[in-house]
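Shown here: structure_31.cif, mmCIF, C-alpha atoms.
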```
data_my_file
#
loop_
_atom_site.label_atom_id
_atom_site.label_comp_id
_atom_site.auth_asym_id
_atom_site.auth_seq_id
_atom_site.Cartn_x
_atom_site.Cartn_y
_atom_site.Cartn_z
CA MET A 49 0.00 0.00 0.00
CA ARG A 50 2.86 2.35 0.86
CA LYS A 51 4.46 1.63 -2.50
CA PHE A 52 1.18 2.46 -4.26
CA TRP A 53 0.91 5.87 -2.53
CA LEU A 54 4.55 6.61 -3.34
CA VAL A 55 3.95 5.96 -7.06
CA PHE A 56 0.74 8.03 -6.91
CA ALA A 57 2.51 10.96 -5.26
CA GLN A 58 5.35 10.89 -7.79
CA SER A 59 2.92 10.73 -10.73
CA THR A 60 0.91 13.65 -9.34
CA THR A 61 4.07 15.70 -8.84
CA ILE A 62 5.21 15.04 -12.42
CA ALA A 63 1.76 15.92 -13.80
CA LEU A 64 1.68 19.18 -11.85
CA GLY A 65 5.17 20.00 -13.09
CA VAL A 66 4.15 19.45 -16.70
CA LEU A 67 1.03 21.57 -16.17
CA PHE A 68 3.14 24.35 -14.64
CA VAL A 69 5.50 24.37 -17.66
CA VAL A 70 2.56 24.46 -20.10
CA VAL A 71 0.90 27.34 -18.24
CA ILE A 72 4.12 29.36 -18.17
CA PHE A 73 5.42 28.77 -21.70
CA ARG A 74 2.49 27.63 -23.88
CA SER A 75 -0.70 28.89 -22.26
CA ASP A 76 -2.35 28.98 -25.69
CA TRP A 77 -2.47 25.15 -25.59
CA LEU A 78 -5.09 25.47 -22.88
CA THR A 79 -7.45 27.57 -25.05
CA TRP A 80 -9.93 25.15 -26.56
CA ARG A 81 -13.09 25.27 -28.58
CA ASN A 82 -15.48 22.41 -29.15
CA VAL A 83 -16.27 21.33 -32.68
CA ASN A 84 -19.25 19.07 -33.17
CA ASN A 85 -18.24 16.41 -35.69
CA GLY A 86 -21.31 14.26 -35.53
CA PRO A 87 -23.41 12.47 -32.91
CA GLY A 88 -21.40 11.57 -29.85
CA ILE A 89 -18.12 12.88 -31.34
CA THR A 90 -16.41 16.04 -30.01
CA ILE A 91 -12.97 17.16 -31.14
CA ARG A 92 -10.91 19.69 -29.20
CA GLU A 93 -8.99 22.18 -31.31
CA VAL A 94 -6.61 24.98 -30.36
CA ALA A 95 -8.29 28.36 -30.97
CA ALA A 96 -6.33 30.77 -33.21
CA PRO A 97 -5.15 33.81 -31.25
CA SER A 98 -7.22 36.92 -32.00
CA SER A 99 -5.33 39.55 -34.02
CA GLY A 100 -8.04 42.18 -34.11
CA GLY A 101 -7.85 42.26 -37.92
CA ALA A 102 -5.78 41.03 -40.84
CA GLN A 103 -2.44 39.67 -39.70
CA ILE A 104 0.57 40.89 -41.69
CA ASP A 105 3.50 38.45 -41.69
CA SER A 106 5.60 40.31 -44.28
CA LEU A 107 5.67 43.62 -46.15
CA SER A 108 7.73 42.21 -49.01
CA ALA A 109 4.82 42.54 -51.46
CA ALA A 110 4.46 46.24 -50.63
CA ALA A 111 8.20 46.78 -50.98
CA LYS A 112 8.34 44.88 -54.27
CA LYS A 113 5.49 47.01 -55.64
CA ALA A 114 6.96 50.39 -54.64
CA ILE A 115 10.74 49.92 -55.02
CA PRO A 116 10.89 50.25 -58.86
CA SER A 117 9.21 53.67 -58.59
CA VAL A 118 11.83 55.15 -56.25
CA VAL A 119 14.95 56.67 -57.81
CA ASN A 120 18.24 58.15 -56.63
CA VAL A 121 18.80 61.84 -57.36
CA PHE A 122 22.36 63.15 -57.77
CA THR A 123 22.91 66.90 -58.03
CA SER A 124 25.94 69.14 -58.39
CA LYS A 125 26.37 72.89 -58.17
CA GLU A 126 29.18 75.42 -58.14
CA VAL A 127 29.74 77.12 -54.80
CA ARG A 128 31.90 80.20 -54.31
CA LEU A 129 34.44 79.85 -51.52
CA PRO A 130 35.14 82.74 -49.14
CA ARG A 131 38.20 84.84 -49.92
CA ASN A 132 41.23 84.12 -47.75
CA PRO A 133 41.72 87.12 -45.42
CA LEU A 134 45.50 86.87 -45.93
CA ALA A 135 45.14 87.51 -49.66
CA ASP A 136 45.30 91.28 -49.12
CA ASP A 137 48.28 91.16 -46.79
CA PRO A 138 51.36 92.76 -48.45
CA VAL A 139 53.73 90.18 -46.92
CA PHE A 140 51.57 87.35 -48.21
CA LYS A 141 51.50 88.89 -51.70
CA ARG A 142 55.28 89.33 -51.65
CA PHE A 143 55.91 85.63 -51.12
CA PHE A 144 52.92 84.07 -52.85
CA GLY A 145 51.88 86.67 -55.40
CA ASP A 146 48.38 87.81 -56.27
CA HIS A 147 45.56 85.27 -56.23
CA PRO A 148 42.13 85.44 -57.81
CA THR A 149 39.66 87.44 -55.77
CA SER A 150 37.29 84.48 -55.48
CA ARG A 151 37.43 80.74 -55.91
CA SER A 152 34.72 78.15 -56.44
CA GLN A 153 34.28 74.41 -56.22
CA ARG A 154 31.61 71.91 -57.23
CA VAL A 155 29.51 70.44 -54.45
CA ASN A 156 27.60 67.19 -54.92
CA ASN A 157 24.37 66.31 -53.18
CA LEU A 158 22.39 63.10 -52.86
CA GLY A 159 18.67 62.52 -52.45
CA SER A 160 15.80 60.38 -53.62
CA GLY A 161 12.74 60.81 -55.81
CA VAL A 162 9.49 59.09 -56.73
CA ILE A 163 8.24 58.41 -60.27
CA VAL A 164 4.66 59.71 -60.43
CA SER A 165 3.91 59.22 -64.14
CA SER A 166 5.05 56.79 -66.77
CA ASP A 167 6.10 59.64 -69.08
CA GLY A 168 8.89 60.85 -66.81
CA TYR A 169 7.62 63.13 -64.02
CA ILE A 170 9.43 62.62 -60.71
CA LEU A 171 8.68 64.10 -57.28
CA THR A 172 11.43 65.06 -54.86
CA ASN A 173 12.23 67.71 -52.23
CA HIS A 174 13.00 71.31 -53.13
CA HIS A 175 16.09 71.26 -50.91
CA VAL A 176 17.49 68.28 -52.83
CA VAL A 177 17.61 70.13 -56.16
CA GLU A 178 17.85 73.74 -54.98
CA ALA A 179 20.29 75.78 -57.12
CA ALA A 180 21.61 72.60 -58.79
CA ASP A 181 23.51 73.04 -62.07
CA GLU A 182 23.13 69.41 -63.07
CA ILE A 183 20.69 66.69 -61.96
CA GLN A 184 21.08 63.00 -62.67
CA VAL A 185 18.50 60.35 -61.86
CA ALA A 186 19.46 56.71 -61.34
CA LEU A 187 16.59 54.31 -61.99
CA HIS A 188 16.04 50.99 -60.26
CA ASP A 189 16.94 49.10 -63.46
CA GLY A 190 20.43 50.66 -63.50
CA ARG A 191 19.86 53.38 -66.10
CA THR A 192 21.08 56.92 -65.39
CA VAL A 193 19.53 59.91 -67.12
CA LEU A 194 19.72 63.68 -66.92
CA ALA A 195 16.71 65.47 -65.42
CA LYS A 196 15.46 69.05 -65.47
CA VAL A 197 13.42 70.93 -62.88
CA VAL A 198 9.86 71.57 -64.01
CA GLY A 199 9.19 73.71 -60.94
CA SER A 200 9.58 73.77 -57.19
CA ASP A 201 7.83 75.11 -54.12
CA PRO A 202 10.11 76.10 -51.22
CA GLU A 203 7.15 76.68 -48.90
CA THR A 204 6.24 72.97 -48.92
CA ASP A 205 9.72 71.69 -49.89
CA LEU A 206 8.45 69.91 -52.99
CA ALA A 207 9.85 69.87 -56.54
CA VAL A 208 8.94 68.15 -59.78
CA LEU A 209 11.59 66.82 -62.19
CA LYS A 210 11.23 65.57 -65.75
CA VAL A 211 13.27 62.96 -67.62
CA ASN A 212 12.97 62.15 -71.32
CA LEU A 213 11.87 58.55 -70.88
CA THR A 214 8.55 56.76 -71.25
CA GLY A 215 7.15 53.53 -69.90
CA LEU A 216 8.48 54.19 -66.40
CA PRO A 217 6.99 52.36 -63.37
CA ALA A 218 4.83 55.07 -61.76
CA ILE A 219 3.93 54.66 -58.11
CA SER A 220 0.29 54.25 -57.08
CA PHE A 221 -1.17 56.84 -54.72
CA ALA A 222 -3.04 55.97 -51.54
CA GLN A 223 -6.37 57.65 -50.85
CA PRO A 224 -5.71 60.98 -49.11
CA ASP A 225 -6.20 61.18 -45.35
CA LYS A 226 -6.91 57.46 -44.95
CA GLY A 227 -3.85 56.62 -42.84
CA ASN A 228 -4.16 56.08 -39.10
CA VAL A 229 -1.73 56.26 -36.22
CA GLY A 230 -0.28 52.78 -35.78
CA ASP A 231 -0.47 51.77 -39.46
CA PHE A 232 2.61 50.02 -40.84
CA VAL A 233 4.69 52.09 -43.28
CA LEU A 234 7.85 51.66 -45.34
CA ALA A 235 10.38 54.41 -46.07
CA ILE A 236 12.26 53.86 -49.34
CA GLY A 237 15.30 55.87 -50.41
CA ASP A 238 19.10 55.97 -50.62
CA PRO A 239 20.44 56.85 -47.14
CA PHE A 240 24.07 58.00 -47.04
CA GLY A 241 24.51 56.78 -50.62
CA VAL A 242 24.76 53.12 -49.59
CA GLY A 243 22.13 52.08 -52.13
CA GLN A 244 18.38 51.78 -52.19
CA THR A 245 17.11 50.81 -48.74
CA VAL A 246 13.74 49.94 -47.22
CA THR A 247 13.03 50.63 -43.55
CA MET A 248 9.86 49.78 -41.65
CA GLY A 249 7.92 51.59 -38.95
CA ILE A 250 4.49 52.91 -38.12
CA ILE A 251 2.66 56.20 -38.42
CA SER A 252 3.55 57.86 -35.12
CA ALA A 253 1.36 60.96 -35.52
CA LEU A 254 -0.62 62.90 -38.11
CA GLU A 255 -1.04 66.60 -38.94
CA ARG A 256 2.19 67.72 -37.27
CA THR A 257 2.49 71.52 -37.49
CA HIS A 258 4.40 74.38 -35.82
CA LEU A 259 7.71 72.59 -36.41
CA GLY A 260 9.39 75.51 -38.19
CA ILE A 261 10.46 73.30 -41.11
CA ASN A 262 8.24 74.70 -43.87
CA THR A 263 5.73 77.50 -44.23
CA PHE A 264 2.92 75.05 -44.98
CA GLU A 265 3.13 72.08 -42.62
CA ASN A 266 0.86 69.08 -42.24
CA PHE A 267 3.39 66.31 -41.68
CA ILE A 268 3.02 62.60 -41.18
CA GLN A 269 5.37 61.59 -38.36
CA THR A 270 6.93 58.13 -38.54
CA ASP A 271 9.51 56.09 -36.66
CA ALA A 272 10.70 54.36 -39.85
CA ALA A 273 14.41 55.12 -40.12
CA ILE A 274 14.96 58.17 -42.38
CA ASN A 275 18.51 59.42 -42.88
CA PRO A 276 20.36 61.90 -45.14
CA GLY A 277 19.79 60.72 -48.70
CA ASN A 278 16.22 59.58 -47.94
CA SER A 279 14.93 63.10 -48.66
CA GLY A 280 12.44 63.03 -51.51
CA GLY A 281 11.90 59.29 -51.19
CA ALA A 282 8.64 57.43 -50.72
CA LEU A 283 6.68 56.65 -47.59
CA VAL A 284 4.27 53.85 -48.53
CA ASN A 285 1.59 51.91 -46.68
CA ALA A 286 1.26 48.15 -46.24
CA GLN A 287 -0.24 47.90 -49.74
CA GLY A 288 2.74 49.65 -51.35
CA ASN A 289 0.80 52.85 -52.14
CA LEU A 290 2.33 56.30 -51.66
CA ILE A 291 1.14 58.13 -48.54
CA GLY A 292 3.90 60.77 -48.32
CA ILE A 293 7.22 62.18 -49.50
CA ASN A 294 9.98 61.90 -46.88
CA SER A 295 11.24 65.38 -46.09
CA ALA A 296 12.95 65.87 -42.73
CA ILE A 297 14.08 64.27 -39.49
CA TYR A 298 14.45 65.42 -35.92
CA THR A 299 17.97 64.56 -34.81
CA ARG A 300 20.74 65.60 -32.46
CA THR A 301 23.35 63.36 -34.02
CA GLY A 302 22.71 63.69 -37.77
CA GLY A 303 21.26 60.18 -37.94
CA SER A 304 17.77 58.79 -37.45
CA GLN A 305 16.36 58.95 -33.93
CA GLY A 306 12.95 57.58 -34.81
CA ILE A 307 11.29 60.93 -35.55
CA GLY A 308 10.89 61.49 -39.27
CA PHE A 309 8.46 63.68 -41.19
CA ALA A 310 6.79 63.12 -44.55
CA ILE A 311 4.63 65.47 -46.63
CA PRO A 312 1.19 63.80 -46.94
CA VAL A 313 -0.12 62.73 -50.31
CA SER A 314 -3.12 65.08 -50.02
CA LEU A 315 -0.76 68.09 -50.11
CA VAL A 316 1.64 66.43 -52.55
CA VAL A 317 -1.06 66.01 -55.21
CA GLN A 318 -2.16 69.66 -54.96
CA ILE A 319 1.37 71.00 -55.35
CA MET A 320 2.37 68.48 -58.03
CA ASP A 321 -0.65 69.26 -60.22
CA GLN A 322 -0.01 73.02 -60.09
CA ILE A 323 3.69 72.65 -60.88
CA ILE A 324 3.09 70.30 -63.81
CA LYS A 325 0.35 72.56 -65.26
CA HIS A 326 1.82 75.99 -64.54
CA GLY A 327 5.46 75.48 -63.52
CA SER A 328 4.83 77.09 -60.12
CA VAL A 329 2.35 77.25 -57.26
CA THR A 330 -0.20 80.05 -56.88
CA ARG A 331 -1.75 80.74 -53.48
CA GLY A 332 -4.28 83.15 -52.04
CA TRP A 333 -3.31 86.06 -49.76
CA ILE A 334 -5.22 88.77 -47.88
CA GLY A 335 -2.45 90.70 -46.10
CA VAL A 336 -2.91 89.95 -42.42
CA GLU A 337 -0.63 88.89 -39.59
CA VAL A 338 -2.17 86.42 -37.17
CA GLN A 339 -1.39 84.53 -34.01
CA ASP A 340 -2.87 81.62 -32.10
CA LEU A 341 -5.39 82.18 -29.34
CA THR A 342 -4.03 81.20 -25.94
CA PRO A 343 -6.44 80.45 -23.08
CA GLU A 344 -5.46 83.80 -21.56
CA LEU A 345 -6.25 85.68 -24.79
CA ALA A 346 -9.54 83.83 -25.20
CA GLU A 347 -10.52 84.77 -21.67
CA SER A 348 -9.58 88.42 -22.18
CA PHE A 349 -11.64 88.57 -25.40
CA LYS A 350 -14.50 86.72 -23.63
CA LEU A 351 -14.41 83.90 -26.17
CA PRO A 352 -15.85 80.45 -25.45
CA SER A 353 -12.78 78.57 -26.77
CA THR A 354 -9.32 78.98 -28.30
CA ASP A 355 -10.57 78.06 -31.77
CA GLY A 356 -9.80 80.73 -34.36
CA ALA A 357 -6.91 83.06 -35.21
CA LEU A 358 -6.34 86.50 -33.74
CA ILE A 359 -5.68 89.27 -36.28
CA ALA A 360 -2.51 90.89 -34.89
CA GLY A 361 -1.75 93.18 -37.84
CA ILE A 362 -3.19 94.41 -41.14
CA LEU A 363 -1.29 95.50 -44.24
CA LYS A 364 -2.47 99.00 -45.04
CA GLY A 365 -4.25 99.03 -48.37
CA GLY A 366 -4.24 95.22 -48.54
CA PRO A 367 -7.29 93.02 -49.24
CA ALA A 368 -8.19 92.56 -45.57
CA ASP A 369 -7.83 96.28 -44.85
CA LEU A 370 -10.09 97.18 -47.78
CA ALA A 371 -12.66 94.63 -46.53
CA GLY A 372 -12.87 96.37 -43.15
CA ILE A 373 -11.04 93.75 -41.08
CA LYS A 374 -9.28 95.25 -38.06
CA PRO A 375 -6.53 94.20 -35.62
CA GLY A 376 -8.13 92.45 -32.66
CA ASP A 377 -10.71 90.65 -34.77
CA VAL A 378 -10.80 86.86 -34.37
CA LEU A 379 -11.20 84.99 -37.65
CA ILE A 380 -13.24 81.81 -37.10
CA ASP A 381 -14.41 80.71 -40.56
CA VAL A 382 -13.34 80.89 -44.23
CA ASN A 383 -16.04 80.05 -46.80
CA GLY A 384 -17.82 77.81 -44.33
CA LYS A 385 -14.69 76.00 -43.12
CA PRO A 386 -13.80 76.48 -39.45
CA VAL A 387 -10.46 78.01 -38.47
CA LYS A 388 -8.70 76.06 -35.70
CA ASP A 389 -5.56 78.16 -35.37
CA SER A 390 -3.16 80.37 -37.32
CA THR A 391 -1.79 77.39 -39.28
CA SER A 392 -5.22 76.26 -40.48
CA LEU A 393 -6.04 79.86 -41.46
CA LEU A 394 -2.83 80.06 -43.50
CA GLN A 395 -3.78 76.89 -45.35
CA LEU A 396 -7.41 77.92 -45.91
CA ILE A 397 -6.44 81.33 -47.31
CA ALA A 398 -3.67 79.85 -49.46
CA ALA A 399 -6.17 77.40 -50.97
CA GLN A 400 -8.32 80.27 -52.30
CA THR A 401 -8.01 81.28 -55.96
CA PRO A 402 -6.53 84.74 -56.55
CA GLY A 403 -9.03 87.06 -58.22
CA GLN A 404 -12.03 85.55 -56.47
CA THR A 405 -13.77 86.57 -53.25
CA ALA A 406 -14.04 84.76 -49.92
CA GLN A 407 -16.51 85.07 -47.07
CA LEU A 408 -14.71 85.46 -43.75
CA LYS A 409 -16.58 85.11 -40.47
CA LEU A 410 -15.09 87.10 -37.59
CA LEU A 411 -15.73 87.88 -33.96
CA ARG A 412 -15.37 91.54 -33.02
CA LYS A 413 -15.92 92.15 -29.31
CA THR A 414 -17.92 88.86 -29.16
CA LYS A 415 -20.17 90.07 -32.01
CA GLU A 416 -20.17 87.92 -35.12
CA ILE A 417 -19.68 89.69 -38.45
CA VAL A 418 -19.06 88.58 -42.05
CA ALA A 419 -16.55 90.26 -44.37
CA THR A 420 -16.18 89.72 -48.11
CA VAL A 421 -12.51 89.82 -49.12
CA ASN A 422 -10.96 89.95 -52.59
CA ILE A 423 -8.25 87.29 -52.71
CA ASN A 424 -4.86 88.43 -54.02
CA LYS A 425 -1.92 86.34 -55.14
CA ARG A 426 0.48 85.44 -52.36
CA PRO A 427 3.79 87.25 -52.99
CA LYS A 428 6.97 85.25 -53.31
CA ILE A 429 9.23 85.54 -50.29
CA GLU A 430 12.88 84.71 -49.87
CA GLN A 431 12.48 83.26 -46.39
CA PRO A 432 9.21 81.47 -45.56
CA VAL A 433 7.22 83.31 -42.89
CA ASP A 434 4.55 81.13 -41.33
CA ASP A 435 2.42 83.84 -39.70
CA GLU A 436 1.66 86.10 -42.69
CA GLN A 437 -1.42 85.29 -44.75
#
```
Please render this file's structure as structure tokens.
Amino acid sequence: MRKFWLVFAQSTTIALGVLFVVVIFRSDWLTWRNVNNGPGITIREVAAPSSGGAQIDSLSAAAKKAIPSVVNVFTSKEVRLPRNPLADDPVFKRFFGDHPTSRSQRVNNLGSGVIVSSDGYILTNHHVVEAADEIQVALHDGRTVLAKVVGSDPETDLAVLKVNLTGLPAISFAQPDKGNVGDFVLAIGDPFGVGQTVTMGIISALERTHLGINTFENFIQTDAAINPGNSGGALVNAQGNLIGINSAIYTRTGGSQGIGFAIPVSLVVQIMDQIIKHGSVTRGWIGVEVQDLTPELAESFKLPSTDGALIAGILKGGPADLAGIKPGDVLIDVNGKPVKDSTSLLQLIAAQTPGQTAQLKLLRKTKEIVATVNINKRPKIEQPVDDEQ
């Protein structure tokens, strides 16, 4: 009898040990569902773990679809070097003679681009091709061809190039504003000139503004690794469709720190279409200086919220001045579209067509008024200023 209890105790201990290991390391084995397979027959099957949606095991199909549409962009330009301060020294001249008053050297730059049409139009960043004397595009199939700038827009950092080739693999565009925070994305480009590279991440945030990068900002933020040379490359979704053009990174070291910014496809299409049709971008302008409403300002103006943009200054004789708008007014609506802050006002005014009129809804001492403004063409500026509409 004692021997029987000893065997029983050992068997129980072993069984409990096995159960403990299963619970710790493979708890999914204990998730069962019953499947009725006929009268008196029940089969136990392991339930598939819930994924909350379609499970993605690989993004190779997306990469394979988008990679042929991404190109390397090589630029060169002549840069004048500063004059050596010793060149005017009499002692220096005595031993080394006179030297030319200025010298120059060629500087090469590297970036990426995205083929957007089969007949040779390519999107890239303005800063990649700015002031370039010569632009070469290296295609995925190994061909290299000269490109020319069709037009560029410094205020969004976008440019359109053209190459004399047809039958090129144009990228497919995702539907605008359909991406969500947490979606998988791929960044494709040529970082540091090592060759075409694909990095993976997610959408970290949407509609990033007030970064001081461009005048018109509405960035997609991603943690996909973006490094020098990726500028102008593609940010694509899990289906391989373009959702943005990689433009900038936040870094303290010069390399990727997981905070990259891409220009969304909704803005890209607007700018690209205007450049291809007209060679430049035309925006609306009414001649006002605005600022965001802080809680303190909203309270002092007796406003219910901080939505809107405070008119801080008016250009004398400008469209807003002629329409009767005054400093201290709070602009809350443009043609039926609400104004959230100064950035949204800038974008709403810029989207208006010069030569037409716009209905602006304002609050003046808590009283709501409507002003009709003639939209003028936004003047070109050397340095983007993000608070002048």
Run the PyMOL selection byres ((chain A and resi 185-198) around 10) against the file shown and list the residues it catches, as an MDAnalysis selection string.
chainID A and resid 115:123 159:161 163 168:170 174 177:178 180:184 199:200 207:213 216:217 244 323:328
With C-alpha atoms retained, export the selected residues as a CSV table (one decimal), in the coordinates of the input.
```csv
chain,number,residue,atom,x,y,z
A,115,ILE,CA,10.7,49.9,-55.0
A,116,PRO,CA,10.9,50.2,-58.9
A,117,SER,CA,9.2,53.7,-58.6
A,118,VAL,CA,11.8,55.2,-56.2
A,119,VAL,CA,15.0,56.7,-57.8
A,120,ASN,CA,18.2,58.2,-56.6
A,121,VAL,CA,18.8,61.8,-57.4
A,122,PHE,CA,22.4,63.2,-57.8
A,123,THR,CA,22.9,66.9,-58.0
A,159,GLY,CA,18.7,62.5,-52.4
A,160,SER,CA,15.8,60.4,-53.6
A,161,GLY,CA,12.7,60.8,-55.8
A,163,ILE,CA,8.2,58.4,-60.3
A,168,GLY,CA,8.9,60.8,-66.8
A,169,TYR,CA,7.6,63.1,-64.0
A,170,ILE,CA,9.4,62.6,-60.7
A,174,HIS,CA,13.0,71.3,-53.1
A,177,VAL,CA,17.6,70.1,-56.2
A,178,GLU,CA,17.8,73.7,-55.0
A,180,ALA,CA,21.6,72.6,-58.8
A,181,ASP,CA,23.5,73.0,-62.1
A,182,GLU,CA,23.1,69.4,-63.1
A,183,ILE,CA,20.7,66.7,-62.0
A,184,GLN,CA,21.1,63.0,-62.7
A,199,GLY,CA,9.2,73.7,-60.9
A,200,SER,CA,9.6,73.8,-57.2
A,207,ALA,CA,9.8,69.9,-56.5
A,208,VAL,CA,8.9,68.2,-59.8
A,209,LEU,CA,11.6,66.8,-62.2
A,210,LYS,CA,11.2,65.6,-65.8
A,211,VAL,CA,13.3,63.0,-67.6
A,212,ASN,CA,13.0,62.2,-71.3
A,213,LEU,CA,11.9,58.6,-70.9
A,216,LEU,CA,8.5,54.2,-66.4
A,217,PRO,CA,7.0,52.4,-63.4
A,244,GLN,CA,18.4,51.8,-52.2
A,323,ILE,CA,3.7,72.6,-60.9
A,324,ILE,CA,3.1,70.3,-63.8
A,325,LYS,CA,0.4,72.6,-65.3
A,326,HIS,CA,1.8,76.0,-64.5
A,327,GLY,CA,5.5,75.5,-63.5
A,328,SER,CA,4.8,77.1,-60.1
```
Picked residues, the PyMOL selection byres ((chain A and resi 279) around 10), as a PyMOL selection string
chain A and resi 120-121+158-161+172-176+236-239+274-278+280-282+293-297+309-310
Save the residues we just selected, C-alpha atoms, as an mmCIF file, in the frame of the given file?
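After the write, part_14.cif holds the following:
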```
data_model
loop_
_atom_site.group_PDB
_atom_site.id
_atom_site.type_symbol
_atom_site.label_atom_id
_atom_site.label_comp_id
_atom_site.auth_asym_id
_atom_site.auth_seq_id
_atom_site.Cartn_x
_atom_site.Cartn_y
_atom_site.Cartn_z
ATOM 1 C CA ASN A 120 18.240 58.150 -56.630
ATOM 2 C CA VAL A 121 18.800 61.840 -57.360
ATOM 3 C CA LEU A 158 22.390 63.100 -52.860
ATOM 4 C CA GLY A 159 18.670 62.520 -52.450
ATOM 5 C CA SER A 160 15.800 60.380 -53.620
ATOM 6 C CA GLY A 161 12.740 60.810 -55.810
ATOM 7 C CA THR A 172 11.430 65.060 -54.860
ATOM 8 C CA ASN A 173 12.230 67.710 -52.230
ATOM 9 C CA HIS A 174 13.000 71.310 -53.130
ATOM 10 C CA HIS A 175 16.090 71.260 -50.910
ATOM 11 C CA VAL A 176 17.490 68.280 -52.830
ATOM 12 C CA ILE A 236 12.260 53.860 -49.340
ATOM 13 C CA GLY A 237 15.300 55.870 -50.410
ATOM 14 C CA ASP A 238 19.100 55.970 -50.620
ATOM 15 C CA PRO A 239 20.440 56.850 -47.140
ATOM 16 C CA ILE A 274 14.960 58.170 -42.380
ATOM 17 C CA ASN A 275 18.510 59.420 -42.880
ATOM 18 C CA PRO A 276 20.360 61.900 -45.140
ATOM 19 C CA GLY A 277 19.790 60.720 -48.700
ATOM 20 C CA ASN A 278 16.220 59.580 -47.940
ATOM 21 C CA GLY A 280 12.440 63.030 -51.510
ATOM 22 C CA GLY A 281 11.900 59.290 -51.190
ATOM 23 C CA ALA A 282 8.640 57.430 -50.720
ATOM 24 C CA ILE A 293 7.220 62.180 -49.500
ATOM 25 C CA ASN A 294 9.980 61.900 -46.880
ATOM 26 C CA SER A 295 11.240 65.380 -46.090
ATOM 27 C CA ALA A 296 12.950 65.870 -42.730
ATOM 28 C CA ILE A 297 14.080 64.270 -39.490
ATOM 29 C CA PHE A 309 8.460 63.680 -41.190
ATOM 30 C CA ALA A 310 6.790 63.120 -44.550
#
```
List, as an MDAnalysis selection string, every residue that the PyMOL selection byres ((chain A and resi 268) around 8) selects in the file provided.
chainID A and resid 251:256 266:267 269:270 292 309:312
Among A:Arg426, A:Lys350, A:His258, A:Lys125, Val378 in chain A is approached most closely, using only C-alpha atoms, by A:Lys350
Given 8 Å on each side, where is the centre and what are the edge lengths in Å to one decimal of the axis-aligned box enclosing the listed atoms of range 265-276 of chain A, as lines of an AutoDock Vina configuration file?
```
center_x = 10.6
center_y = 63.2
center_z = -40.9
size_x = 35.5
size_y = 33.7
size_z = 24.5
```
Near Lys415 in chain A, within 12 Å and counting all atoms listed in the file, which residues show up once chain neighbours fewer than 6 positions away are dropped, as a list in words?
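So, after excluding close chain neighbours, the residues are Phe349, Lys350, Leu351, Asp377, Val378, Leu379, Ile380 and Lys409 of chain A.
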Provide the CA of Val316 in chain A to CA of Ser106 in chain A distance in Å, to one decimal place.
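The value is 27.7 Å.
Rounded to one decimal, CA of Glu203 in chain A and CA of Gly332 in chain A lie 13.5 Å from each other.
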The residue from A:Ala368, A:Val418, A:Ile250, A:Ile307 with the smallest atom-to-atom distance to Ile334 in chain A, counting only C-alpha atoms, is A:Ala368
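Remark: for Asp321 in chain A, the closest of the candidate residues A:Asn228, A:Gln400, A:Ser165, A:Asn156 is A:Ser165 (distances computed over all atoms listed in the file).
Of the listed residues A:Gly227, A:Lys428, A:Asp340, A:Trp333, the one whose atoms come nearest to Thr405 in chain A is A:Trp333, with distances taken using all atoms listed in the file.
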Out of A:Gly384, A:Gly215, A:Pro224, A:Gly356, which residue has the shortest atom-to-atom distance to Gln318 in chain A when counting all atoms listed in the file?
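That would be A:Pro224, the residue with the smallest distance to Gln318 in chain A.
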Interatomic distance (Å, one decimal) between CA of Asp271 in chain A and CA of Lys388 in chain A:
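A separation of 27.0 Å between them.
Remark: for Lys226 in chain A, the closest of the candidate residues A:Val329, A:Val313, A:Ala111, A:Asn424 is A:Val313 (distances computed over all atoms listed in the file).
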